[in-house]
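Q: My structure is stored as run_17.cif, with mmCIF, C-alpha atoms.
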```cif
data_upload
#
loop_
_atom_site.label_atom_id
_atom_site.label_comp_id
_atom_site.auth_asym_id
_atom_site.auth_seq_id
_atom_site.Cartn_x
_atom_site.Cartn_y
_atom_site.Cartn_z
CA MET A 850 -23.26 -29.35 14.10
CA PRO A 851 -20.41 -30.12 11.65
CA ARG A 852 -18.06 -32.94 12.63
CA TYR A 853 -14.51 -33.24 11.31
CA LEU A 854 -13.32 -36.72 10.40
CA LYS A 855 -10.08 -35.18 9.12
CA ARG A 856 -8.50 -31.76 9.62
CA GLY A 857 -5.79 -29.97 7.69
CA MET A 858 -2.65 -28.23 8.84
CA ASP A 859 -2.82 -25.98 11.90
CA ALA A 860 -3.54 -22.34 11.05
CA SER A 861 -0.42 -21.12 12.87
CA ALA A 862 1.81 -23.30 10.69
CA ILE A 863 0.17 -21.92 7.56
CA LYS A 864 0.68 -18.37 8.86
CA ALA A 865 4.38 -19.00 9.46
CA ALA A 866 4.81 -20.39 5.94
CA ASP A 867 3.01 -17.35 4.50
CA ALA A 868 5.36 -15.01 6.37
CA LYS A 869 8.39 -16.70 4.84
CA VAL A 870 6.91 -16.39 1.36
CA ARG A 871 6.14 -12.71 1.97
CA GLU A 872 9.72 -11.93 3.01
CA THR A 873 11.22 -13.75 0.03
CA VAL A 874 8.97 -11.95 -2.43
CA GLU A 875 9.76 -8.54 -0.92
CA GLN A 876 13.46 -9.15 -1.50
CA ILE A 877 12.98 -10.26 -5.10
CA LEU A 878 10.78 -7.29 -5.98
CA ALA A 879 13.32 -4.90 -4.49
CA GLU A 880 16.09 -6.53 -6.51
CA VAL A 881 14.21 -6.26 -9.80
CA GLU A 882 13.18 -2.68 -9.15
CA ALA A 883 16.75 -1.64 -8.36
CA ARG A 884 18.72 -3.62 -10.96
CA LYS A 885 16.11 -4.48 -13.59
CA ASP A 886 17.38 -6.83 -16.33
CA ALA A 887 20.54 -7.77 -14.42
CA ALA A 888 18.49 -8.92 -11.44
CA VAL A 889 15.96 -10.73 -13.62
CA ARG A 890 18.75 -12.67 -15.32
CA GLU A 891 20.42 -13.62 -12.04
CA LEU A 892 17.13 -14.75 -10.53
CA SER A 893 16.19 -16.77 -13.60
CA GLN A 894 19.55 -18.49 -13.50
CA LYS A 895 19.20 -19.16 -9.77
CA PHE A 896 15.66 -20.51 -9.76
CA ASP A 897 15.24 -21.98 -13.25
CA ASP A 898 18.82 -22.49 -14.47
CA TRP A 899 17.79 -20.38 -17.45
CA SER A 900 19.75 -17.46 -18.92
CA PRO A 901 19.30 -17.24 -22.72
CA ALA A 902 20.63 -14.40 -24.85
CA SER A 903 17.10 -12.98 -24.86
CA PHE A 904 14.10 -14.03 -22.79
CA LYS A 905 11.80 -12.73 -25.54
CA LEU A 906 11.04 -15.18 -28.35
CA THR A 907 11.49 -14.06 -31.93
CA ALA A 908 8.87 -14.78 -34.58
CA ALA A 909 11.10 -17.55 -35.92
CA GLU A 910 11.46 -19.12 -32.48
CA ILE A 911 7.69 -19.01 -32.01
CA GLU A 912 7.12 -20.74 -35.34
CA ARG A 913 9.75 -23.32 -34.50
CA ALA A 914 8.06 -24.08 -31.20
CA ILE A 915 4.64 -24.40 -32.83
CA GLY A 916 6.17 -26.79 -35.34
CA GLN A 917 7.06 -29.15 -32.50
CA VAL A 918 3.43 -29.52 -31.38
CA LYS A 919 1.41 -32.43 -32.76
CA LYS A 920 -1.52 -31.52 -35.02
CA ARG A 921 -4.03 -33.16 -32.64
CA ASP A 922 -2.66 -31.09 -29.77
CA LEU A 923 -2.86 -27.88 -31.82
CA ASP A 924 -6.44 -28.72 -32.78
CA ASP A 925 -7.32 -29.32 -29.14
CA ILE A 926 -5.73 -26.03 -28.10
CA LYS A 927 -7.71 -24.18 -30.76
CA PHE A 928 -10.92 -25.98 -29.73
CA ALA A 929 -10.43 -25.00 -26.08
CA GLN A 930 -9.67 -21.41 -27.05
CA ALA A 931 -12.82 -21.29 -29.16
CA GLN A 932 -14.89 -22.30 -26.11
CA VAL A 933 -13.22 -19.69 -23.89
CA ARG A 934 -13.55 -17.02 -26.58
CA ASN A 935 -17.22 -17.79 -27.16
CA PHE A 936 -18.18 -17.61 -23.48
CA ALA A 937 -16.10 -14.46 -22.95
CA GLN A 938 -17.85 -12.82 -25.90
CA LYS A 939 -21.24 -13.75 -24.49
CA GLN A 940 -20.19 -12.16 -21.20
CA ARG A 941 -18.94 -9.06 -23.01
CA ASP A 942 -22.27 -8.75 -24.81
CA THR A 943 -24.04 -8.32 -21.46
CA MET A 944 -21.94 -5.25 -20.67
CA ARG A 945 -23.58 -2.24 -22.28
CA ASP A 946 -22.47 1.35 -22.34
CA LEU A 947 -25.05 3.57 -20.67
CA GLU A 948 -26.35 7.09 -21.21
CA VAL A 949 -29.49 8.37 -19.50
CA GLU A 950 -31.11 11.75 -18.81
CA THR A 951 -31.73 11.51 -15.05
CA LEU A 952 -33.25 15.02 -14.73
CA PRO A 953 -34.23 17.51 -17.44
CA GLY A 954 -30.91 18.62 -18.94
CA ILE A 955 -28.76 16.27 -16.80
CA VAL A 956 -27.14 13.41 -18.73
CA LEU A 957 -25.14 10.68 -16.97
CA GLY A 958 -23.41 7.71 -18.52
CA HIS A 959 -20.70 5.14 -18.35
CA LYS A 960 -18.37 3.49 -20.83
CA HIS A 961 -16.53 0.18 -20.58
CA ILE A 962 -12.93 0.98 -21.56
CA PRO A 963 -10.36 -1.83 -22.00
CA VAL A 964 -7.16 -1.75 -19.98
CA ASN A 965 -4.38 -0.61 -22.29
CA SER A 966 -1.73 -3.26 -21.53
CA ILE A 967 -1.53 -6.45 -19.50
CA GLY A 968 1.03 -9.02 -18.50
CA CYS A 969 -0.16 -12.62 -18.45
CA TYR A 970 1.64 -15.15 -16.30
CA VAL A 971 1.32 -18.79 -17.32
CA PRO A 972 2.64 -21.32 -14.76
CA GLY A 973 4.78 -24.05 -16.19
CA GLY A 974 7.51 -25.18 -13.84
CA ARG A 975 6.07 -28.43 -12.48
CA TYR A 976 3.20 -28.75 -14.97
CA PRO A 977 2.99 -26.96 -18.33
CA MET A 978 -0.26 -25.05 -17.71
CA VAL A 979 -1.23 -24.60 -21.35
CA ALA A 980 -4.83 -23.76 -20.48
CA SER A 981 -3.83 -20.71 -18.43
CA ALA A 982 -2.80 -19.02 -21.66
CA HIS A 983 -6.35 -19.38 -22.99
CA MET A 984 -7.90 -18.00 -19.85
CA SER A 985 -5.84 -14.82 -19.68
CA ILE A 986 -4.88 -13.98 -23.23
CA VAL A 987 -8.01 -14.99 -25.12
CA THR A 988 -10.27 -13.26 -22.60
CA ALA A 989 -8.19 -10.08 -22.73
CA ARG A 990 -8.41 -10.04 -26.51
CA VAL A 991 -12.19 -10.32 -26.37
CA ALA A 992 -12.22 -7.37 -23.97
CA GLY A 993 -10.21 -5.29 -26.43
CA VAL A 994 -6.89 -4.97 -24.59
CA LYS A 995 -4.39 -3.36 -26.97
CA LYS A 996 -1.11 -4.88 -25.80
CA ILE A 997 -0.64 -8.31 -24.25
CA ILE A 998 2.69 -9.69 -23.12
CA ALA A 999 2.96 -13.20 -21.73
CA CYS A 1000 5.52 -15.00 -19.59
CA ALA A 1001 5.97 -18.68 -18.82
CA PRO A 1002 8.96 -20.39 -17.21
CA PRO A 1003 11.17 -22.78 -19.15
CA TYR A 1004 10.15 -26.40 -19.01
CA ARG A 1005 13.00 -28.87 -18.75
CA GLY A 1006 15.45 -26.28 -20.01
CA ALA A 1007 13.53 -24.90 -22.98
CA PRO A 1008 10.37 -23.06 -23.99
CA HIS A 1009 7.41 -25.41 -23.74
CA PRO A 1010 6.13 -25.73 -27.32
CA ALA A 1011 2.43 -26.13 -26.43
CA ILE A 1012 2.47 -23.13 -24.08
CA VAL A 1013 4.10 -21.02 -26.79
CA ALA A 1014 1.49 -22.20 -29.29
CA ALA A 1015 -1.36 -21.38 -26.91
CA MET A 1016 0.06 -17.92 -26.20
CA HIS A 1017 0.51 -17.23 -29.90
CA PHE A 1018 -2.90 -18.44 -31.04
CA GLY A 1019 -4.50 -16.73 -28.06
CA GLY A 1020 -3.21 -13.40 -29.31
CA ALA A 1021 -0.11 -12.47 -27.28
CA ASP A 1022 1.92 -9.64 -28.77
CA GLU A 1023 5.16 -10.59 -27.02
CA ILE A 1024 6.16 -13.94 -25.52
CA PHE A 1025 8.87 -14.28 -22.88
CA VAL A 1026 10.32 -17.50 -21.50
CA LEU A 1027 10.66 -16.29 -17.94
CA GLY A 1028 9.15 -17.62 -14.75
CA GLY A 1029 8.43 -16.98 -11.12
CA VAL A 1030 8.37 -13.75 -9.15
CA GLN A 1031 11.05 -12.30 -11.41
CA ALA A 1032 8.68 -12.55 -14.39
CA VAL A 1033 5.81 -10.92 -12.56
CA ALA A 1034 8.09 -8.18 -11.23
CA ALA A 1035 9.57 -7.47 -14.67
CA MET A 1036 6.13 -7.10 -16.26
CA ALA A 1037 4.84 -4.86 -13.48
CA LEU A 1038 7.89 -2.70 -12.79
CA GLY A 1039 9.52 -2.74 -16.22
CA THR A 1040 13.15 -3.32 -17.14
CA GLU A 1041 15.44 -2.16 -19.92
CA THR A 1042 13.92 -4.81 -22.23
CA ILE A 1043 10.39 -5.33 -20.85
CA ALA A 1044 7.96 -2.42 -20.89
CA PRO A 1045 5.80 -2.13 -17.75
CA VAL A 1046 2.15 -3.10 -18.06
CA ASP A 1047 -0.97 -1.68 -16.46
CA MET A 1048 -2.32 -4.95 -15.11
CA LEU A 1049 -1.10 -8.44 -14.11
CA VAL A 1050 -3.22 -11.52 -14.65
CA GLY A 1051 -2.91 -15.26 -14.33
CA PRO A 1052 -2.56 -17.90 -11.60
CA GLY A 1053 0.63 -19.11 -9.97
CA ASN A 1054 2.15 -20.65 -6.89
CA ALA A 1055 2.20 -19.00 -3.47
CA TYR A 1056 5.17 -16.82 -4.45
CA VAL A 1057 3.55 -15.52 -7.63
CA ALA A 1058 0.28 -14.82 -5.80
CA GLU A 1059 2.17 -12.93 -3.08
CA ALA A 1060 4.08 -10.92 -5.70
CA LYS A 1061 0.79 -9.84 -7.26
CA ARG A 1062 -0.53 -8.89 -3.83
CA GLN A 1063 2.51 -6.73 -3.10
CA LEU A 1064 2.43 -5.10 -6.54
CA PHE A 1065 -1.29 -4.30 -6.42
CA GLY A 1066 -1.75 -0.55 -6.51
CA ARG A 1067 1.29 0.02 -8.66
CA VAL A 1068 -0.48 -2.10 -11.24
CA GLY A 1069 -3.89 -3.68 -11.32
CA ILE A 1070 -4.35 -7.39 -10.79
CA ASP A 1071 -7.11 -9.78 -11.72
CA LEU A 1072 -7.29 -11.44 -8.31
CA LEU A 1073 -5.17 -13.41 -5.88
CA ALA A 1074 -5.15 -16.83 -7.52
CA GLY A 1075 -2.70 -19.00 -5.61
CA PRO A 1076 -2.43 -22.75 -5.04
CA THR A 1077 -5.48 -24.65 -6.29
CA GLU A 1078 -8.33 -25.41 -3.87
CA THR A 1079 -11.14 -27.89 -4.36
CA LEU A 1080 -14.26 -28.59 -2.34
CA ILE A 1081 -16.51 -31.58 -2.98
CA ILE A 1082 -20.10 -31.38 -1.72
CA ALA A 1083 -21.67 -34.81 -1.94
CA ASP A 1084 -24.36 -37.12 -0.64
CA GLU A 1085 -25.03 -40.78 -1.31
CA ALA A 1086 -26.07 -40.00 -4.87
CA VAL A 1087 -22.40 -40.74 -5.64
CA ASP A 1088 -19.80 -43.08 -4.21
CA GLY A 1089 -16.43 -42.81 -2.53
CA GLU A 1090 -14.45 -43.58 -5.65
CA MET A 1091 -15.84 -40.59 -7.54
CA CYS A 1092 -15.35 -38.24 -4.58
CA ALA A 1093 -11.79 -39.44 -3.97
CA THR A 1094 -10.90 -39.19 -7.64
CA ASP A 1095 -12.10 -35.61 -7.83
CA LEU A 1096 -10.34 -34.62 -4.60
CA LEU A 1097 -7.00 -36.02 -5.72
CA GLY A 1098 -7.52 -34.75 -9.25
CA GLN A 1099 -6.97 -31.23 -7.93
CA ALA A 1100 -4.67 -32.05 -5.01
CA GLU A 1101 -2.03 -33.11 -7.52
CA HIS A 1102 -1.48 -29.42 -8.35
CA GLY A 1103 0.92 -29.28 -5.44
CA PRO A 1104 1.59 -29.97 -1.78
CA THR A 1105 -0.26 -26.85 -0.56
CA SER A 1106 -3.53 -27.45 -2.43
CA PRO A 1107 -6.50 -27.87 -0.06
CA ALA A 1108 -8.93 -30.68 -0.88
CA VAL A 1109 -12.09 -30.75 1.24
CA LEU A 1110 -15.14 -33.03 1.35
CA ILE A 1111 -18.42 -31.85 2.85
CA THR A 1112 -21.14 -34.46 3.09
CA ASN A 1113 -24.24 -35.39 5.10
CA SER A 1114 -23.26 -39.06 5.02
CA GLU A 1115 -20.62 -40.44 7.37
CA LYS A 1116 -20.73 -43.66 5.33
CA LEU A 1117 -19.73 -41.73 2.18
CA ALA A 1118 -17.12 -39.77 4.12
CA ARG A 1119 -15.36 -42.89 5.35
CA ALA A 1120 -15.65 -44.60 1.97
CA THR A 1121 -14.05 -41.56 0.35
CA MET A 1122 -11.17 -41.53 2.82
CA ALA A 1123 -10.54 -45.22 2.16
CA GLU A 1124 -10.61 -44.63 -1.60
CA VAL A 1125 -8.14 -41.76 -1.26
CA GLU A 1126 -5.66 -44.10 0.42
CA ARG A 1127 -6.20 -46.73 -2.26
CA LEU A 1128 -5.73 -44.28 -5.11
CA LEU A 1129 -2.60 -42.79 -3.57
CA LYS A 1130 -0.94 -46.19 -3.98
CA ILE A 1131 -1.41 -46.09 -7.77
CA LEU A 1132 -1.61 -42.38 -8.70
CA PRO A 1133 1.51 -41.22 -10.61
CA SER A 1134 1.38 -37.85 -8.85
CA ALA A 1135 0.84 -39.39 -5.41
CA ASP A 1136 3.88 -37.60 -3.97
CA LEU A 1137 2.22 -34.22 -4.52
CA ALA A 1138 -1.40 -35.20 -4.05
CA GLY A 1139 -0.61 -37.25 -0.96
CA LYS A 1140 1.24 -34.38 0.69
CA ALA A 1141 -1.64 -32.01 -0.09
CA TRP A 1142 -4.16 -34.49 1.32
CA ALA A 1143 -2.10 -35.11 4.45
CA ASP A 1144 -1.53 -31.42 5.23
CA PHE A 1145 -4.57 -29.70 3.75
CA GLY A 1146 -7.21 -32.39 3.29
CA GLU A 1147 -10.39 -32.14 5.34
CA VAL A 1148 -13.55 -34.24 5.69
CA ILE A 1149 -16.60 -32.59 7.27
CA VAL A 1150 -19.86 -34.38 8.04
CA CYS A 1151 -22.96 -32.16 8.31
CA ASP A 1152 -26.48 -32.83 9.52
CA ASP A 1153 -28.33 -31.63 6.44
CA GLU A 1154 -28.08 -29.64 3.21
CA ALA A 1155 -28.57 -26.28 4.93
CA GLU A 1156 -25.58 -26.95 7.16
CA MET A 1157 -23.59 -28.11 4.14
CA VAL A 1158 -24.27 -24.74 2.52
CA ARG A 1159 -23.13 -22.87 5.63
CA GLU A 1160 -19.92 -24.87 5.85
CA ALA A 1161 -19.23 -24.48 2.13
CA ASP A 1162 -19.70 -20.72 2.35
CA ARG A 1163 -17.34 -20.63 5.34
CA VAL A 1164 -14.68 -22.54 3.39
CA ALA A 1165 -15.22 -20.24 0.35
CA SER A 1166 -13.30 -22.56 -1.94
CA GLU A 1167 -11.94 -21.80 -5.38
CA HIS A 1168 -13.61 -24.82 -7.00
CA VAL A 1169 -16.82 -26.30 -5.63
CA GLN A 1170 -18.04 -29.55 -7.11
CA VAL A 1171 -21.60 -30.46 -6.14
CA MET A 1172 -22.59 -34.12 -6.51
CA THR A 1173 -25.90 -34.43 -4.69
CA ARG A 1174 -29.45 -35.45 -5.52
CA ASP A 1175 -30.36 -31.77 -5.93
CA PRO A 1176 -27.29 -29.77 -7.01
CA ASP A 1177 -29.44 -26.79 -7.97
CA TYR A 1178 -30.21 -26.29 -4.26
CA PHE A 1179 -26.57 -25.28 -3.82
CA LEU A 1180 -26.64 -23.07 -6.91
CA ALA A 1181 -29.62 -21.25 -5.42
CA ASN A 1182 -28.24 -20.93 -1.88
CA MET A 1183 -24.45 -20.77 -1.92
CA LYS A 1184 -22.77 -17.34 -1.94
CA ASN A 1185 -19.01 -17.88 -1.55
CA TYR A 1186 -17.24 -19.82 -4.29
CA GLY A 1187 -14.97 -19.30 -7.26
CA SER A 1188 -16.89 -21.54 -9.64
CA LEU A 1189 -19.56 -24.22 -9.21
CA PHE A 1190 -19.50 -27.58 -10.98
CA LEU A 1191 -22.99 -28.99 -10.73
CA GLY A 1192 -23.75 -32.69 -10.93
CA PRO A 1193 -21.54 -35.76 -11.37
CA ARG A 1194 -21.36 -35.37 -15.16
CA THR A 1195 -19.11 -32.33 -14.85
CA ASN A 1196 -15.91 -31.86 -12.86
CA VAL A 1197 -13.23 -29.28 -12.15
CA ALA A 1198 -10.90 -30.59 -14.85
CA TYR A 1199 -13.50 -29.62 -17.49
CA GLY A 1200 -13.42 -26.06 -16.23
CA ASP A 1201 -9.64 -26.09 -15.93
CA LYS A 1202 -9.04 -27.08 -19.52
CA VAL A 1203 -11.80 -26.79 -22.06
CA ILE A 1204 -15.44 -26.18 -21.18
CA GLY A 1205 -15.24 -22.39 -21.62
CA THR A 1206 -15.54 -20.83 -18.18
CA ASN A 1207 -12.39 -19.18 -16.85
CA HIS A 1208 -10.17 -21.22 -14.55
CA THR A 1209 -8.39 -18.27 -12.91
CA LEU A 1210 -10.38 -18.14 -9.69
CA PRO A 1211 -10.14 -16.70 -6.15
CA THR A 1212 -8.31 -18.64 -3.44
CA LYS A 1213 -7.69 -18.24 0.31
CA LYS A 1214 -11.30 -17.21 0.97
CA ALA A 1215 -11.19 -14.34 -1.55
CA ALA A 1216 -14.41 -15.83 -2.96
CA ARG A 1217 -16.13 -13.96 -0.12
CA TYR A 1218 -15.67 -10.71 -2.05
CA THR A 1219 -14.75 -11.45 -5.67
CA GLY A 1220 -15.46 -13.82 -8.50
CA GLY A 1221 -12.90 -15.14 -10.93
CA LEU A 1222 -11.24 -13.74 -14.01
CA TRP A 1223 -13.69 -12.81 -16.74
CA VAL A 1224 -13.90 -10.37 -19.59
CA GLY A 1225 -15.15 -7.63 -17.26
CA LYS A 1226 -11.89 -7.69 -15.28
CA PHE A 1227 -10.14 -6.19 -18.28
CA LEU A 1228 -12.64 -3.34 -18.60
CA LYS A 1229 -12.76 -0.11 -16.64
CA THR A 1230 -16.31 1.13 -16.15
CA CYS A 1231 -15.84 4.89 -16.32
CA THR A 1232 -18.61 7.41 -15.76
CA TYR A 1233 -19.25 10.79 -17.38
CA GLN A 1234 -21.77 13.59 -17.02
CA LYS A 1235 -23.12 16.42 -19.16
CA VAL A 1236 -25.34 19.37 -18.22
CA LEU A 1237 -27.21 20.48 -21.31
CA THR A 1238 -29.18 23.56 -20.25
CA ASP A 1239 -28.66 26.72 -18.21
CA GLU A 1240 -31.69 25.87 -16.12
CA ALA A 1241 -30.34 22.44 -15.20
CA SER A 1242 -26.93 23.81 -14.21
CA ALA A 1243 -28.48 26.48 -11.98
CA LYS A 1244 -30.93 24.06 -10.37
CA ILE A 1245 -28.33 21.41 -9.54
CA GLY A 1246 -25.89 24.13 -8.56
CA GLU A 1247 -28.11 25.55 -5.82
CA VAL A 1248 -28.39 22.15 -4.11
CA CYS A 1249 -24.71 21.45 -4.62
CA SER A 1250 -23.73 24.74 -3.02
CA ARG A 1251 -25.78 24.08 0.09
CA LEU A 1252 -24.35 20.56 0.47
CA CYS A 1253 -20.80 21.88 0.09
CA VAL A 1254 -21.41 24.45 2.85
CA LEU A 1255 -22.80 21.66 5.04
CA GLU A 1256 -19.41 19.97 4.73
CA HIS A 1257 -17.47 23.27 5.12
CA PHE A 1258 -16.05 23.00 1.58
CA LEU A 1259 -16.45 26.67 0.67
CA ALA A 1260 -14.33 26.65 -2.49
CA HIS A 1261 -16.38 23.68 -3.62
CA ALA A 1262 -19.48 25.74 -3.01
CA GLU A 1263 -18.11 28.56 -5.14
CA GLN A 1264 -17.75 26.11 -8.08
CA ALA A 1265 -21.51 25.76 -7.90
CA ASN A 1266 -22.23 29.41 -7.12
CA VAL A 1267 -20.40 30.77 -10.13
CA ARG A 1268 -22.67 28.68 -12.35
CA VAL A 1269 -25.80 29.73 -10.48
CA ARG A 1270 -24.79 33.34 -11.14
CA ARG A 1271 -23.95 32.80 -14.81
CA TYR A 1272 -26.65 30.37 -15.86
CA GLY A 1273 -29.41 31.13 -13.34
CA GLY A 1274 -29.21 34.89 -13.27
CA ARG A 1275 -29.02 34.93 -9.47
CA ASN A 1276 -26.49 37.14 -7.69
CA VAL A 1277 -25.06 34.64 -5.24
CA PRO A 1278 -22.07 36.33 -3.56
CA TYR A 1279 -19.11 34.27 -2.38
CA ALA A 1280 -19.82 35.36 1.17
CA GLN A 1281 -23.14 33.53 1.14
CA ALA A 1282 -21.32 30.24 0.85
CA ALA A 1283 -19.56 30.93 4.14
CA GLU A 1284 -22.73 31.47 6.15
#
```
Could you show the structure in this file as structure tokens?
A:
Amino acid sequence: MPRYLKRGMDASAIKAADAKVRETVEQILAEVEARKDAAVRELSQKFDDWSPASFKLTAAEIERAIGQVKKRDLDDIKFAQAQVRNFAQKQRDTMRDLEVETLPGIVLGHKHIPVNSIGCYVPGGRYPMVASAHMSIVTARVAGVKKIIACAPPYRGAPHPAIVAAMHFGGADEIFVLGGVQAVAAMALGTETIAPVDMLVGPGNAYVAEAKRQLFGRVGIDLLAGPTETLIIADEAVDGEMCATDLLGQAEHGPTSPAVLITNSEKLARATMAEVERLLKILPSADLAGKAWADFGEVIVCDDEAEMVREADRVASEHVQVMTRDPDYFLANMKNYGSLFLGPRTNVAYGDKVIGTNHTLPTKKAARYTGGLWVGKFLKTCTYQKVLTDEASAKIGEVCSRLCVLEHFLAHAEQANVRVRRYGGRNVPYAQAAE
């Protein structure tokens, strides 16, 4: 039976915090919908102290921003984008259009059609999340999306040059320096200066994730990707220092980022907890990581690997890093996770920044029913059907008619009957459908 050496914040406290976020977001969305650009400007001034003449960057402003980025940094951005683009293309290559004759004269098929327009949100208030531009924009381009607009908040009172460069090289058509719920609302609902999109993508804080949740249905979303979560699954194949480093490496995202250790070794569990305390004394981001660890950190000791799998699937974490003697056991048996990082040679930071998989992943147990952002999220799989012969139409029509009558849909039945009469030569009166 699992034993907790450390638990996170009480569920009722988390629920209360979520309710406050929900109410705030509702108000902001209503403001933007009612007053459009005027509301966006007021909100940007209020939350980011940012109210330029235009939130949209001109071509000259984009070039000026790129010019401020060091060549090594530009090369690294392009390298990372090449890895993301390559993996996304490999994924796209697995998605084939389909057409098959399922019965003589009956042809069914599907096509993968790109979403027409998307809005990409790139977080950048506390940390300039350059890599999020790769994950959304590059992947959308591989999918064939026609129009991509991108928003990121100002960073220290100005556009962040590296984010602008990543958006531009990724393939964004329009770049806006605009952050928070107001940015997401403007892209989804439209304003006088920002055309509404069909789909919102990209990670964000709890407010951005809640805005996407409330806007879903009016626009599509990739998934609910809120504050970062990390889960370490480890045994004594590794030590406490490595586990603690990888827990805090993701906890520094912010004070609401869960960091969980599941292990079958109480010795490793206690060593990890001691290392966390040591590292928090020297980590530059200890204020954020320490708060996350205090409120959302958990340490769970299990009896064996099977129990570790069960606990990991219950947690359903965004990132799951497996550092055990047999990491492939977890690959074969786990079902609920955003992305797996197998073995001590890899880590979540690789996936976050450069390795090529997408870092926009499900949080708050959404891994139970969805994976992360990938090229397929930007594609609508749409079916079609053709009936090629009179005989096929009449044959399928007779069965269809009877099934419609079974459900008391008599006008539906007549859609079938009229074709049985015309293509099958049978005099099926309308009254027969009502019997």
Q: Once the PyMOL selection byres ((chain A and resi 974-982) around 10) is applied to the coordinates I shared, what remains selected? I want it as a PyMOL selection string.
A: chain A and resi 897+926+929-930+933+969-973+983-988+999-1005+1009-1021+1028-1029+1050-1054+1102-1103+1200-1203+1207-1209
Q: List the residues matched by the PyMOL selection byres ((chain A and resi 1164) around 9) in the displayed structure as JSON, numbers by chain, ordered by chain and then by residue number.
A: {"A": [1080, 1109, 1159, 1160, 1161, 1162, 1163, 1165, 1166, 1185, 1186, 1213, 1214]}
Q: What does the distance between CA of Phe1025 in chain A and CA of Phe904 in chain A come to in Å, to one decimal place?
A: 5.2 Å
Q: Nearest to Val874 in chain A: which of A:Asp1144, A:Glu1090, A:Glu1059, A:Glu1041 is it, counting only C-alpha atoms?
A: A:Glu1059
Q: Ranking A:Ala1083, A:Ala1243, A:Ala862, A:Ile1024 by minimum distance to Ile1043 in chain A and counting only C-alpha atoms, which one comes first?
A: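 With only C-alpha atoms as the atom set, the closest residue is A:Ile1024.
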Q: Please reconstruct the missing atoms of range 1146-1160 of chain A (target: N, CA and C atoms) and return them as a PDB file, in the coordinates of the input.
A:
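selection_18.pdb was written with the following content:
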```
ATOM      1  N   GLY A1146      -5.954 -31.698   3.503  1.00  0.00           N
ATOM      2  CA  GLY A1146      -7.210 -32.390   3.290  1.00  0.00           C
ATOM      3  C   GLY A1146      -8.125 -32.321   4.502  1.00  0.00           C
ATOM      4  N   GLU A1147      -9.419 -32.173   4.248  1.00  0.00           N
ATOM      5  CA  GLU A1147     -10.390 -32.140   5.340  1.00  0.00           C
ATOM      6  C   GLU A1147     -11.645 -32.916   4.928  1.00  0.00           C
ATOM      7  N   VAL A1148     -12.285 -33.535   5.909  1.00  0.00           N
ATOM      8  CA  VAL A1148     -13.550 -34.240   5.690  1.00  0.00           C
ATOM      9  C   VAL A1148     -14.513 -33.762   6.776  1.00  0.00           C
ATOM     10  N   ILE A1149     -15.635 -33.189   6.345  1.00  0.00           N
ATOM     11  CA  ILE A1149     -16.600 -32.590   7.270  1.00  0.00           C
ATOM     12  C   ILE A1149     -17.963 -33.239   7.051  1.00  0.00           C
ATOM     13  N   VAL A1150     -18.537 -33.758   8.115  1.00  0.00           N
ATOM     14  CA  VAL A1150     -19.860 -34.380   8.040  1.00  0.00           C
ATOM     15  C   VAL A1150     -20.877 -33.415   8.653  1.00  0.00           C
ATOM     16  N   CYS A1151     -21.914 -33.102   7.882  1.00  0.00           N
ATOM     17  CA  CYS A1151     -22.960 -32.160   8.310  1.00  0.00           C
ATOM     18  C   CYS A1151     -24.281 -32.898   8.536  1.00  0.00           C
ATOM     19  N   ASP A1152     -25.185 -32.218   9.218  1.00  0.00           N
ATOM     20  CA  ASP A1152     -26.480 -32.830   9.520  1.00  0.00           C
ATOM     21  C   ASP A1152     -27.424 -32.821   8.336  1.00  0.00           C
ATOM     22  N   ASP A1153     -27.386 -31.743   7.538  1.00  0.00           N
ATOM     23  CA  ASP A1153     -28.330 -31.630   6.440  1.00  0.00           C
ATOM     24  C   ASP A1153     -27.776 -30.675   5.375  1.00  0.00           C
ATOM     25  N   GLU A1154     -28.551 -30.468   4.319  1.00  0.00           N
ATOM     26  CA  GLU A1154     -28.080 -29.640   3.210  1.00  0.00           C
ATOM     27  C   GLU A1154     -27.867 -28.186   3.628  1.00  0.00           C
ATOM     28  N   ALA A1155     -28.729 -27.666   4.490  1.00  0.00           N
ATOM     29  CA  ALA A1155     -28.570 -26.280   4.930  1.00  0.00           C
ATOM     30  C   ALA A1155     -27.238 -26.086   5.646  1.00  0.00           C
ATOM     31  N   GLU A1156     -26.866 -27.038   6.467  1.00  0.00           N
ATOM     32  CA  GLU A1156     -25.580 -26.950   7.160  1.00  0.00           C
ATOM     33  C   GLU A1156     -24.429 -27.124   6.178  1.00  0.00           C
ATOM     34  N   MET A1157     -24.619 -27.949   5.163  1.00  0.00           N
ATOM     35  CA  MET A1157     -23.590 -28.110   4.140  1.00  0.00           C
ATOM     36  C   MET A1157     -23.340 -26.784   3.419  1.00  0.00           C
ATOM     37  N   VAL A1158     -24.411 -26.050   3.154  1.00  0.00           N
ATOM     38  CA  VAL A1158     -24.270 -24.740   2.520  1.00  0.00           C
ATOM     39  C   VAL A1158     -23.482 -23.790   3.421  1.00  0.00           C
ATOM     40  N   ARG A1159     -23.824 -23.767   4.691  1.00  0.00           N
ATOM     41  CA  ARG A1159     -23.130 -22.870   5.630  1.00  0.00           C
ATOM     42  C   ARG A1159     -21.643 -23.196   5.704  1.00  0.00           C
ATOM     43  N   GLU A1160     -21.317 -24.477   5.783  1.00  0.00           N
ATOM     44  CA  GLU A1160     -19.920 -24.870   5.850  1.00  0.00           C
ATOM     45  C   GLU A1160     -19.190 -24.541   4.543  1.00  0.00           C
TER      46      GLU A1160
END
```
